[in-house]
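*Asks:* This is the structure I have questions about; it appears just below.
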Amino acid sequence: MLRYRAREEALSAAVKKECDAEEEHYGRLPDRSVPCTTFEERQFGDLVTSDIARDFPCTVVSLALFDGDMMLYACSGIPLPHGRSKLELTRYVTSACLATEYISKRYRDDKLRIEVCLPNGQKVDGFLELYNRHVAIVTSLGEQNVHSVDVELQAVLPSSDGEMLAAGRAFRSGCLMAANTGGAILLVDLPTAQERLNVWKPVGSYEGGPVAVLGGPVLGEDKRIIGMNIDFGHDGPRDIAYVSFLPLTLLCRYLKRFRILNPEEIHFRGYLLPSGVHTIVHSGSMKRINRIKHYGYPMPPPLVLQFNGELCNTFEECFGESLAWKGYPFNAGIGGPLISFDGSFVGMNFFDRRMLTPFLPRSKIVQVLGSKISLSLPSERGDHVPVHLKDTGGEPRDNRWPVPELYWYHGLLDVDRNFHKHIGRILQ
């Protein structure tokens with residue numbers, strides 16, 4: 001029993017040492033230095049009654065960032081059309097400020113999480129998924145009872161002196177708020193002239209920047225959605241505060257770039273994040289992400305790691321049980337090589353009908369190869385060219401074979417719910 005415990009301790013120490021080395025190489029999260037303070041929500045505009053809210057073109061939810069039970073940030077969000085994956089999900093688009101706050105609040109052993117407040121007051125868990133410089137995506141399990149936005153709607157922006165309505169929802173109270181805004185002016189904020197942000201000047205109760213307005217919709221004079229609020233700004237020379245919002249056409253373009261709106265395919269073979277799009281690495285996944293980077297494996301697509309997806313074709317199936325030899329842990333497998341964590345060849349495992357997997361030491365293998373087969377090792381020949389046992393001279397063969405490409409797989413996220421066509425006879 002003591003020997004078994006010593007082996008387990010040796011294995012645990014070796015794994016911890018390797019994880020520490022990977023953290024040092026790929027970067028580690030800081031220790032928590034200054035305690036966070038509870039976020040204080042601010043009301044803006046007027047409270048919207050349920051009767052008026054029914055006329056809104058989409059549902060408005062509240063998204064809150066928590067560390068344990070402490071709320072650190074809260075903004076609004078807009079539901080998106082349901083996707084085609086077999087796993088039922090509800091996605092919300094919001095301001096990238098939520099992702100910025102999440103990243104800035106991370107530390108070792110944090111308990112950061114996202115909650116979604118629905119119009120009926122129900123709270124559901126959310127996963128911060130993708131983001132770019134302007135928007136972020138939060139995903140919840142299940143198809144929630146919300147009215148999604150029609151992002152492909154051709155909305156007309158009002159004139160510079162036209163009236164607009166901005167809306168947002170508070171998290172703790174669940175109240176929907178809305179207020180009229182000042183006129184819109186164009187602001188070139190992106191690298192290409194085809195992508196423009198709009199801004200509106202805060203008036204009245206907007207001064208001071210109530211965060212609940214971020215991620216909420218902007219409605220035109222006909223109460224049709226024309227965009228989503230994404231950030232506060234300040235024009236220094238003119239001393240004018242403003243709120244920037246993303247026009248609906250640009251929001252639609254972003255969501256298609258994220259491969260959320262009507263993707264052509266929903267499998268993860270050869271998946272790469274689109275240019276300018278990032279994914280959140282949750283603190284609890286940092287060690288596994290570092291290990292994936294260490295082995296040079298492809299990074300997991302959004303949500304696949306959180307929902308227990310698997311990386312296929314790694315040729316690293318789990319088998320046998322871990323043993324310790326002279327204080328060093330090794331992986332056990334019948335007929336396979338015994339390799340230490342520093343890459344040294346130790347021996348070869350074999351099977352003798354016992355519960356444990358014995359191994360033949362490297363020295364014995366060298367002795368057999370030299371005395372029984374008369375095969376000199378590469379180190380003895382002064383080269384490192386692999387040689388077949390049946391080679392009799394001449395050019396050495398290439399000891400390689402094609403292997404399948406690595407890819408991430410999840411039986412529900414990357415399966416189209418409409419993939420199977422029901423074909424049958426048409427009844428007359």
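By order in the structure tokens, chains are A, B, ...; within a chain, residues start at 1; ligands start at 1, following the order shown.
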If we count only C-alpha atoms and set the cut-off at 12 Å, which residues sit around Gln122 in chain A, ignoring sequence neighbours fewer than 4 positions away in its own chain? Please answer as a VMD selection string.
*Replies:* chain A and resid 61 to 62 115 to 118 144 to 146 171 to 174
*Asks:* One decimal, in Å: what's the spacing between CA of Cys36 in chain A and CA of Leu72 in chain A?
*Replies:* 7.4 Å
*Asks:* May I ask for the distance between CA of Asn229 in chain A and CA of Arg54 in chain A, given in Å to one decimal place?
*Replies:*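 These atoms are spaced 20.6 Å apart.
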*Asks:* From a DSSP pass on the backbone, collect the residues of range 257-291 of chain A flagged as helix (DSSP H, G or I) and hand them back as JSON, numbers by chain.
*Replies:* {"A": [257, 283, 284, 285, 286, 287, 288, 289, 290, 291]}
*Asks:* Do you know which residues are at most 7 Å from range 277-292 of chain A counting only C-alpha atoms, after dropping those on the same chain fewer than 4 positions away, and could you put them as a PyMOL selection string?
*Replies:* chain A and resi 19+22-23+26+108-110+128-132+273+296-297+302
*Asks:* For each of A:Leu98, A:Asp414, A:Tyr242, A:Gln367, take the minimum atom-to-atom distance to Arg269 in chain A, counting only C-alpha atoms, then give the residue where this is smallest.
*Replies:* A:Asp414
*Asks:* If I take CA of Gly227 in chain A and CA of Asp51 in chain A, how far is one from the other in Å, to one decimal?
*Replies:*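 These two atoms are separated by 22.5 Å.
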